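Text of query06.txt (compact mmCIF, C-alpha atoms and all ligand atoms) as supplied:
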```txt
# COMPACT_ATOMS: atom_id res chain seq x y z
CA MET J 1 0.00 0.00 0.00
CA SER J 2 1.34 3.41 -0.97
CA HIS J 3 1.14 6.21 1.57
CA GLU J 4 1.20 9.12 -0.82
CA PRO J 5 -1.50 11.58 0.28
CA ILE J 6 -4.27 11.85 -2.28
CA ILE J 7 -5.84 14.78 -0.51
CA GLU J 8 -4.71 17.14 2.24
CA LEU J 9 -6.94 19.66 3.99
CA ARG J 10 -4.93 22.28 5.87
CA ASN J 11 -6.88 24.50 8.25
CA VAL J 12 -9.85 24.54 5.92
CA GLY J 13 -12.65 26.93 6.83
CA LYS J 14 -15.98 27.70 5.24
CA SER J 15 -18.66 30.26 6.02
CA PHE J 16 -22.21 30.55 4.74
CA ALA J 17 -23.59 34.09 4.98
CA GLY J 18 -21.25 35.00 7.84
CA SER J 19 -21.79 31.77 9.76
CA ARG J 20 -18.57 29.75 10.04
CA VAL J 21 -19.59 26.12 9.51
CA LEU J 22 -16.08 24.68 9.05
CA LYS J 23 -13.51 25.86 11.57
CA GLY J 24 -10.01 24.78 10.58
CA ILE J 25 -10.28 21.22 9.31
CA ASN J 26 -7.00 19.28 9.03
CA LEU J 27 -7.29 15.94 7.29
CA THR J 28 -4.94 13.89 5.14
CA VAL J 29 -6.09 10.82 3.22
CA SER J 30 -3.56 8.45 1.65
CA ALA J 31 -3.99 5.74 -0.94
CA GLY J 32 -5.78 2.67 0.41
CA GLU J 33 -7.40 4.38 3.40
CA ILE J 34 -11.10 4.21 4.19
CA VAL J 35 -11.96 7.29 6.22
CA THR J 36 -15.47 7.76 7.57
CA LEU J 37 -16.85 11.06 8.83
CA ILE J 38 -19.37 10.76 11.64
CA GLY J 39 -21.06 13.37 13.80
CA PRO J 40 -24.36 15.03 14.60
CA SER J 41 -26.56 16.66 11.99
CA GLY J 42 -25.23 20.07 10.95
CA SER J 43 -21.67 19.35 12.14
CA GLY J 44 -20.23 20.02 8.66
CA LYS J 45 -19.67 16.52 7.26
CA THR J 46 -21.33 17.16 3.90
CA THR J 47 -19.72 20.58 3.61
CA THR J 48 -16.29 19.03 4.23
CA LEU J 49 -16.92 16.46 1.51
CA ARG J 50 -18.22 19.09 -0.93
CA CYS J 51 -15.21 21.34 -0.29
CA MET J 52 -12.91 18.38 -1.00
CA ASN J 53 -13.92 18.40 -4.66
CA PHE J 54 -14.79 22.10 -4.82
CA LEU J 55 -18.52 21.59 -5.26
CA GLU J 56 -18.40 24.13 -2.47
CA ALA J 57 -15.65 26.78 -2.51
CA TYR J 58 -13.75 26.75 0.80
CA ASP J 59 -12.67 30.18 1.99
CA GLU J 60 -9.89 29.54 4.51
CA GLY J 61 -6.83 27.31 4.39
CA ASP J 62 -5.71 25.09 1.54
CA ILE J 63 -6.77 21.82 -0.05
CA LEU J 64 -4.18 19.88 -2.03
CA ILE J 65 -5.05 17.01 -4.33
CA LYS J 66 -1.94 14.95 -5.11
CA GLY J 67 0.13 17.95 -4.15
CA GLN J 68 -1.75 20.43 -6.35
CA LEU J 69 -3.68 23.31 -4.80
CA LEU J 70 -7.43 22.96 -5.45
CA GLY J 71 -9.51 25.91 -6.59
CA TYR J 72 -7.12 28.80 -6.11
CA SER J 73 -3.99 30.12 -7.73
CA SER J 74 -1.84 30.45 -4.61
CA ALA J 75 -1.74 28.82 -1.21
CA GLY J 76 -2.05 30.46 2.19
CA ARG J 77 -3.14 33.90 0.97
CA GLU J 78 -5.77 36.08 2.65
CA VAL J 79 -7.30 37.02 -0.71
CA LYS J 80 -7.89 33.97 -2.85
CA HIS J 81 -7.96 34.11 -6.64
CA ARG J 82 -10.16 31.42 -8.07
CA ASP J 83 -8.77 29.19 -10.84
CA SER J 84 -10.61 28.66 -14.11
CA PRO J 85 -13.28 25.92 -14.15
CA ALA J 86 -11.08 23.93 -16.55
CA LEU J 87 -8.11 23.99 -14.17
CA ILE J 88 -10.31 23.13 -11.17
CA ALA J 89 -11.70 20.16 -13.13
CA GLU J 90 -8.16 19.05 -13.95
CA VAL J 91 -6.95 19.21 -10.32
CA ARG J 92 -9.96 17.31 -8.97
CA ARG J 93 -9.84 14.66 -11.70
CA PRO J 94 -8.63 11.93 -9.25
CA LEU J 95 -11.88 12.32 -7.25
CA ALA J 96 -15.45 11.15 -7.87
CA MET J 97 -18.51 11.58 -5.70
CA VAL J 98 -21.49 9.39 -4.82
CA PHE J 99 -24.55 11.35 -3.68
CA GLN J 100 -27.15 10.56 -1.05
CA GLN J 101 -30.04 11.03 -3.50
CA PHE J 102 -28.39 9.14 -6.42
CA ASN J 103 -29.06 12.08 -8.83
CA LEU J 104 -29.69 9.84 -11.85
CA TRP J 105 -31.25 11.35 -14.97
CA PRO J 106 -34.76 9.87 -15.27
CA HIS J 107 -34.98 10.16 -19.09
CA MET J 108 -31.79 8.16 -19.68
CA THR J 109 -31.15 4.43 -19.43
CA VAL J 110 -28.82 3.08 -16.76
CA LEU J 111 -26.01 2.71 -19.30
CA GLU J 112 -26.54 6.25 -20.63
CA ASN J 113 -26.49 7.60 -17.08
CA VAL J 114 -23.07 6.07 -16.47
CA CYS J 115 -21.79 7.10 -19.93
CA ALA J 116 -22.90 10.73 -19.71
CA PRO J 117 -20.09 12.10 -17.50
CA LEU J 118 -17.54 10.20 -19.60
CA ILE J 119 -18.82 11.67 -22.87
CA LEU J 120 -19.76 15.15 -21.65
CA GLY J 121 -17.12 15.65 -18.98
CA LYS J 122 -14.17 13.52 -20.03
CA LYS J 123 -14.88 13.89 -23.78
CA LEU J 124 -14.37 10.18 -24.40
CA PRO J 125 -15.54 8.70 -27.71
CA ARG J 126 -18.95 6.99 -27.35
CA ASP J 127 -17.57 3.44 -27.81
CA GLU J 128 -14.90 3.85 -25.18
CA ALA J 129 -17.41 5.42 -22.77
CA ARG J 130 -19.77 2.48 -23.26
CA LYS J 131 -17.00 -0.01 -22.50
CA LYS J 132 -16.00 1.78 -19.31
CA ALA J 133 -19.63 2.18 -18.25
CA ALA J 134 -20.39 -1.50 -18.86
CA ALA J 135 -17.33 -2.53 -16.81
CA ALA J 136 -18.37 -0.25 -13.93
CA LEU J 137 -21.93 -1.61 -13.99
CA ALA J 138 -20.53 -5.15 -13.86
CA GLN J 139 -18.51 -4.18 -10.77
CA VAL J 140 -21.71 -3.28 -8.90
CA GLY J 141 -23.69 -6.26 -10.25
CA MET J 142 -25.99 -4.20 -12.50
CA SER J 143 -25.09 -5.52 -15.96
CA ASP J 144 -28.55 -6.96 -16.52
CA LYS J 145 -30.18 -3.53 -16.05
CA GLU J 146 -28.14 -1.54 -18.58
CA GLN J 147 -31.19 -0.69 -20.68
CA ALA J 148 -33.59 0.01 -17.79
CA ARG J 149 -34.74 3.51 -16.78
CA PRO J 150 -33.91 4.52 -13.19
CA ALA J 151 -37.63 4.68 -12.22
CA ARG J 152 -37.87 0.92 -12.81
CA LEU J 153 -35.12 0.19 -10.27
CA SER J 154 -35.25 -0.15 -6.50
CA GLY J 155 -33.47 2.51 -4.45
CA GLY J 156 -30.63 0.09 -3.76
CA GLN J 157 -30.20 -0.61 -7.46
CA GLN J 158 -30.31 3.12 -8.26
CA GLN J 159 -27.57 3.78 -5.73
CA ARG J 160 -25.46 0.95 -7.21
CA VAL J 161 -25.80 2.76 -10.57
CA GLY J 162 -24.78 5.98 -8.79
CA ILE J 163 -21.67 4.19 -7.53
CA ALA J 164 -20.97 2.76 -11.02
CA ARG J 165 -21.23 6.26 -12.50
CA ALA J 166 -18.52 7.44 -10.10
CA LEU J 167 -16.36 4.32 -10.62
CA ALA J 168 -16.48 4.66 -14.42
CA LEU J 169 -14.47 7.87 -14.03
CA GLY J 170 -11.58 5.78 -12.71
CA PRO J 171 -11.18 7.76 -9.48
CA GLU J 172 -8.28 7.40 -7.06
CA LEU J 173 -10.51 8.68 -4.27
CA LEU J 174 -14.22 8.08 -3.95
CA LEU J 175 -16.29 10.49 -1.85
CA LEU J 176 -19.59 9.10 -0.56
CA ASP J 177 -22.16 11.22 1.27
CA GLU J 178 -24.48 8.96 3.28
CA PRO J 179 -24.78 6.50 0.40
CA THR J 180 -27.43 4.36 2.12
CA SER J 181 -29.49 6.92 4.05
CA ALA J 182 -32.14 7.39 1.34
CA LEU J 183 -32.79 3.64 1.12
CA ASP J 184 -35.45 1.37 2.58
CA PRO J 185 -33.87 -0.65 5.42
CA GLU J 186 -33.94 -3.89 3.42
CA ARG J 187 -31.92 -2.26 0.61
CA VAL J 188 -29.12 -0.93 2.80
CA GLU J 189 -27.13 -4.13 2.91
CA GLU J 190 -26.83 -4.64 -0.86
CA VAL J 191 -25.26 -1.18 -1.21
CA GLN J 192 -23.02 -1.67 1.82
CA ASP J 193 -21.86 -4.96 0.29
CA VAL J 194 -20.86 -3.17 -2.94
CA ILE J 195 -18.93 -0.58 -0.92
CA LYS J 196 -17.24 -3.35 1.08
CA VAL J 197 -16.09 -5.09 -2.11
CA LEU J 198 -14.63 -1.80 -3.39
CA ALA J 199 -12.84 -1.36 -0.06
CA ASN J 200 -11.45 -4.89 -0.27
CA HIS J 201 -10.13 -4.09 -3.73
CA GLY J 202 -8.17 -1.16 -2.32
CA MET J 203 -10.37 1.77 -3.38
CA THR J 204 -9.56 4.83 -1.27
CA MET J 205 -12.69 6.41 0.18
CA VAL J 206 -13.98 9.20 2.35
CA MET J 207 -17.52 8.39 3.43
CA VAL J 208 -20.04 10.25 5.53
CA THR J 209 -22.32 7.86 7.37
CA HIS J 210 -24.77 7.65 10.23
CA GLU J 211 -24.46 3.85 10.26
CA MET J 212 -22.06 3.31 13.13
CA SER J 213 -21.75 -0.48 12.75
CA PHE J 214 -20.88 -0.06 9.09
CA ALA J 215 -18.32 2.65 9.94
CA ALA J 216 -16.83 0.35 12.59
CA ARG J 217 -16.54 -2.55 10.14
CA ILE J 218 -15.24 -0.79 7.06
CA SER J 219 -13.06 2.13 8.21
CA SER J 220 -9.34 2.32 8.59
CA ARG J 221 -9.93 5.66 10.35
CA VAL J 222 -13.01 7.30 11.81
CA VAL J 223 -13.24 11.08 12.12
CA PHE J 224 -15.77 12.55 14.55
CA MET J 225 -16.95 16.08 13.79
CA ALA J 226 -19.05 18.46 15.85
CA GLU J 227 -19.85 22.12 15.22
CA GLY J 228 -17.56 22.44 12.23
CA ALA J 229 -14.46 20.94 13.85
CA ILE J 230 -12.77 17.56 14.12
CA ILE J 231 -13.11 16.53 17.77
CA GLU J 232 -11.51 13.06 17.64
CA SER J 233 -10.17 10.68 15.06
CA GLY J 234 -8.59 7.26 15.14
CA ALA J 235 -8.87 3.58 14.33
CA PRO J 236 -12.47 2.37 14.76
CA ALA J 237 -11.61 -0.03 17.57
CA SER J 238 -10.17 2.69 19.81
CA LEU J 239 -12.54 5.47 18.79
CA PHE J 240 -15.70 3.44 19.37
CA ARG J 241 -14.48 1.54 22.44
CA GLN J 242 -12.59 4.34 24.18
CA PRO J 243 -14.02 7.71 23.17
CA GLN J 244 -11.89 10.41 24.82
CA THR J 245 -14.29 13.35 24.84
CA ASP J 246 -17.70 13.81 26.46
CA ARG J 247 -18.96 15.05 23.08
CA LEU J 248 -18.17 11.74 21.38
CA LYS J 249 -19.33 9.69 24.38
CA SER J 250 -22.76 11.29 24.28
CA PHE J 251 -22.94 11.01 20.49
CA LEU J 252 -22.23 7.28 20.69
CA ALA J 253 -24.45 6.58 23.72
CA PRO J 254 -27.64 5.67 21.79
CA TRP J 255 -25.69 3.39 19.47
CA PHE J 256 -23.97 1.54 22.30
CA LYS J 257 -27.23 0.49 23.94
CA ARG J 258 -28.42 -1.97 21.29
CA PRO J 259 -25.27 -3.98 20.48
CA LEU J 260 -24.55 -4.23 24.21
CA GLN J 261 -27.96 -5.79 24.90
CA LEU J 262 -27.50 -8.16 21.96
CA ASP J 263 -24.06 -9.23 23.20
CA GLU J 264 -25.47 -9.86 26.66
CA ALA J 265 -28.37 -11.84 25.25
CA GLU J 266 -25.98 -13.97 23.21
CA ALA J 267 -23.79 -14.57 26.27
CA GLY J 268 -26.85 -15.72 28.19
CA TYR J 269 -26.88 -12.82 30.65
CA ALA J 270 -30.25 -11.45 29.51
N1 LIG E 301 -25.71 25.96 1.03
C1 LIG E 301 -25.82 26.31 2.32
N2 LIG E 301 -26.20 27.56 2.66
C2 LIG E 301 -26.27 27.93 3.96
N3 LIG E 301 -25.95 27.12 4.99
C3 LIG E 301 -25.56 25.88 4.71
C4 LIG E 301 -25.46 25.40 3.36
N4 LIG E 301 -25.03 24.11 3.39
C5 LIG E 301 -24.87 23.80 4.69
N5 LIG E 301 -25.19 24.85 5.49
C6 LIG E 301 -25.09 24.87 6.96
O1 LIG E 301 -23.81 24.42 7.32
C7 LIG E 301 -23.85 23.61 8.48
C8 LIG E 301 -23.22 22.26 8.18
O2 LIG E 301 -24.04 21.58 7.25
P1 LIG E 301 -23.68 20.15 6.65
O3 LIG E 301 -24.72 19.88 5.62
O4 LIG E 301 -22.28 20.14 6.23
O5 LIG E 301 -23.89 19.21 7.91
P2 LIG E 301 -23.86 17.62 8.02
O6 LIG E 301 -22.90 17.29 9.09
O7 LIG E 301 -23.65 17.03 6.68
O8 LIG E 301 -25.34 17.31 8.56
P3 LIG E 301 -26.33 16.05 8.23
O9 LIG E 301 -25.86 14.92 9.12
O10 LIG E 301 -27.68 16.56 8.66
O11 LIG E 301 -26.25 15.76 6.78
C9 LIG E 301 -25.31 23.52 8.88
O12 LIG E 301 -25.55 24.48 9.87
C10 LIG E 301 -26.04 23.90 7.60
O13 LIG E 301 -27.28 24.49 7.89
MG MG E 302 -24.83 15.87 5.43
```
For this file, write the structure as structure tokens.
Ligand SMILES: Nc1ncnc2c1ncn2[C@@H]1O[C@H](COP(=O)(O)OP(=O)(O)OP(=O)(O)O)[C@@H](O)[C@H]1O
Ligand SMILES: [Mg+2]
Amino acid sequence: MSHEPIIELRNVGKSFAGSRVLKGINLTVSAGEIVTLIGPSGSGKTTTLRCMNFLEAYDEGDILIKGQLLGYSSAGREVKHRDSPALIAEVRRPLAMVFQQFNLWPHMTVLENVCAPLILGKKLPRDEARKKAAAALAQVGMSDKEQARPARLSGGQQQRVGIARALALGPELLLLDEPTSALDPERVEEVQDVIKVLANHGMTMVMVTHEMSFAARISSRVVFMAEGAIIESGAPASLFRQPQTDRLKSFLAPWFKRPLQLDEAEAGYA
């Protein structure tokens, strides 16, 4: 496993209409890592993810993707000069994003949905785009639905197409914002299984999730955010078993209740 950082956030801040929602985020993600962002609603997880690929323009600090400054022409300056959209697209090329609400185009087939960013964004010839799209759909087990419209698919299947659309871009880092939160409970596992397979194949990921057991199972590192700051981060075993701050302890309290009862029941104590 290489340890070259794919992305580095250095003191990244972001304000919306005068309200500072990210307050100096420092985060480095290297090849092969699976980093999950957890934390209460409104703590800045989505904003962090969106700043990482400049869907949202950060306004303090620096973000480097494979050593290149993202979004601005010079690092560490008070007044930031925004790069051209073409240059921003070039710098963020190693990244692809999977959205909570899938964001598939309803009038296109599954295959066309996965091809579109390759043809429109990457300017690939149609044949090459189709090949890459078909390979990505095979990776998520959706080859038999290439010609279906998204409305005919279950939520879980739509999200697998959403993941294929990101994979087809050949990313070095996949960003996933609560990829299973819009799904019916019985569809969650099929999408988690796809993500697990990608993780086992060495795909580097940053994922926002409210599913603590999934975060515990899949992550190499868990990052806990509250009120726009990183409060704690570490390997899942230590972070979940030995939270250091009251903030994380109280965040985890509701989640600890259920598995604990189950463990006790299994051990015959219940
Ligand atoms: N486009 C926006 N305009 C104004 N405020 C915003 C915008 N996007 C996010 N915010 C605010 O920034 C803060 C952080 O939001 P963010 O969506 O990053 O939280 P989150 O941790 O992803 O929450 P959740 O778990 O509910 O998804 C919140 O107070 C939110 O209201
Ligand atoms: Mg969010």
Just the number, please: distance in Å from CA of Ile88 in chain J to CA of Ser30 in chain J, one decimal. 20.6 Å
Return as a PyMOL selection string every polymer residue, whether protein, DNA or RNA, with at least one atom no more than 9 Å from an atom of ligand MG 302 (chain E); count only C-alpha atoms and all ligand atoms. chain J and resi 41-47+49+100+177-178+208-209
Excluding Ala75 in chain J and any residue of its chain fewer than 4 positions from it, enumerate the residues within 9 Å of it, using all atoms listed in the file, and give them as a ChimeraX atom specification. /J:61-63,69,80
Point-to-point distance from CA of Glu8 in chain J to CA of Leu27 in chain J, Å rounded to tenths: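 Separation of CA of Glu8 in chain J and CA of Leu27 in chain J: 5.8 Å.
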Around ligand LIG 301 (chain E), at most 12 Å away and counting all atoms listed in the file, which residues are there? Put them as a PyMOL selection string, please. chain J and resi 13-23+37-52+55-58+99-101+176-179+181-182+207-211+223-230
I need the chosen residues saved as a compact mmCIF listing (two decimals), in the coordinates of the input, with C-alpha atoms.
```txt
# COMPACT_ATOMS: atom_id res chain seq x y z
CA GLY J 13 -12.65 26.93 6.83
CA LYS J 14 -15.98 27.70 5.24
CA SER J 15 -18.66 30.26 6.02
CA PHE J 16 -22.21 30.55 4.74
CA ALA J 17 -23.59 34.09 4.98
CA GLY J 18 -21.25 35.00 7.84
CA SER J 19 -21.79 31.77 9.76
CA ARG J 20 -18.57 29.75 10.04
CA VAL J 21 -19.59 26.12 9.51
CA LEU J 22 -16.08 24.68 9.05
CA LYS J 23 -13.51 25.86 11.57
CA LEU J 37 -16.85 11.06 8.83
CA ILE J 38 -19.37 10.76 11.64
CA GLY J 39 -21.06 13.37 13.80
CA PRO J 40 -24.36 15.03 14.60
CA SER J 41 -26.56 16.66 11.99
CA GLY J 42 -25.23 20.07 10.95
CA SER J 43 -21.67 19.35 12.14
CA GLY J 44 -20.23 20.02 8.66
CA LYS J 45 -19.67 16.52 7.26
CA THR J 46 -21.33 17.16 3.90
CA THR J 47 -19.72 20.58 3.61
CA THR J 48 -16.29 19.03 4.23
CA LEU J 49 -16.92 16.46 1.51
CA ARG J 50 -18.22 19.09 -0.93
CA CYS J 51 -15.21 21.34 -0.29
CA MET J 52 -12.91 18.38 -1.00
CA LEU J 55 -18.52 21.59 -5.26
CA GLU J 56 -18.40 24.13 -2.47
CA ALA J 57 -15.65 26.78 -2.51
CA TYR J 58 -13.75 26.75 0.80
CA PHE J 99 -24.55 11.35 -3.68
CA GLN J 100 -27.15 10.56 -1.05
CA GLN J 101 -30.04 11.03 -3.50
CA LEU J 176 -19.59 9.10 -0.56
CA ASP J 177 -22.16 11.22 1.27
CA GLU J 178 -24.48 8.96 3.28
CA PRO J 179 -24.78 6.50 0.40
CA SER J 181 -29.49 6.92 4.05
CA ALA J 182 -32.14 7.39 1.34
CA MET J 207 -17.52 8.39 3.43
CA VAL J 208 -20.04 10.25 5.53
CA THR J 209 -22.32 7.86 7.37
CA HIS J 210 -24.77 7.65 10.23
CA GLU J 211 -24.46 3.85 10.26
CA VAL J 223 -13.24 11.08 12.12
CA PHE J 224 -15.77 12.55 14.55
CA MET J 225 -16.95 16.08 13.79
CA ALA J 226 -19.05 18.46 15.85
CA GLU J 227 -19.85 22.12 15.22
CA GLY J 228 -17.56 22.44 12.23
CA ALA J 229 -14.46 20.94 13.85
CA ILE J 230 -12.77 17.56 14.12
```
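In this comparison, which uses all atoms listed in the file, the residue of J:Ala235, J:Val114, J:Leu95, J:Ile218 approaching Pro150 in chain J most closely is J:Val114.
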Nearby residues (all atoms listed in the file) at most 9 Å from range 145-148 of chain J, same-chain spacing under 3 positions excluded, as an MDAnalysis selection string: chainID J and resid 108:112 134 137 142 151:153
Which residue, J:Ser213, J:Gln158, J:Ser250, J:Ser233, has the smallest gap to Leu104 in chain J when you use all atoms listed in the file?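 So, comparing all the options, the nearest one is J:Gln158.
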Could you check how far CA of Ala166 in chain J sits from CA of Asp59 in chain J, in Å to one decimal?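 Spanning CA of Ala166 in chain J to CA of Asp59 in chain J is a straight-line distance of 26.4 Å.
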Can you tell me which residues surround Pro5 in chain J at a distance of at most 8 Å, considering all atoms listed in the file, apart from same-chain residues fewer than 2 positions away, and format the answer as a list in words?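 Counting only the stated atoms, we get His3, Ile7, Glu8, Thr28, Val29, Ser30, Ala31, Ile65, Lys66 and Gly67 of chain J.
Using all atoms listed in the file for every distance, the candidate list J:Lys257, J:Val222, J:Gly155, J:Tyr72 yields J:Val222 as the residue closest to Pro243 in chain J.
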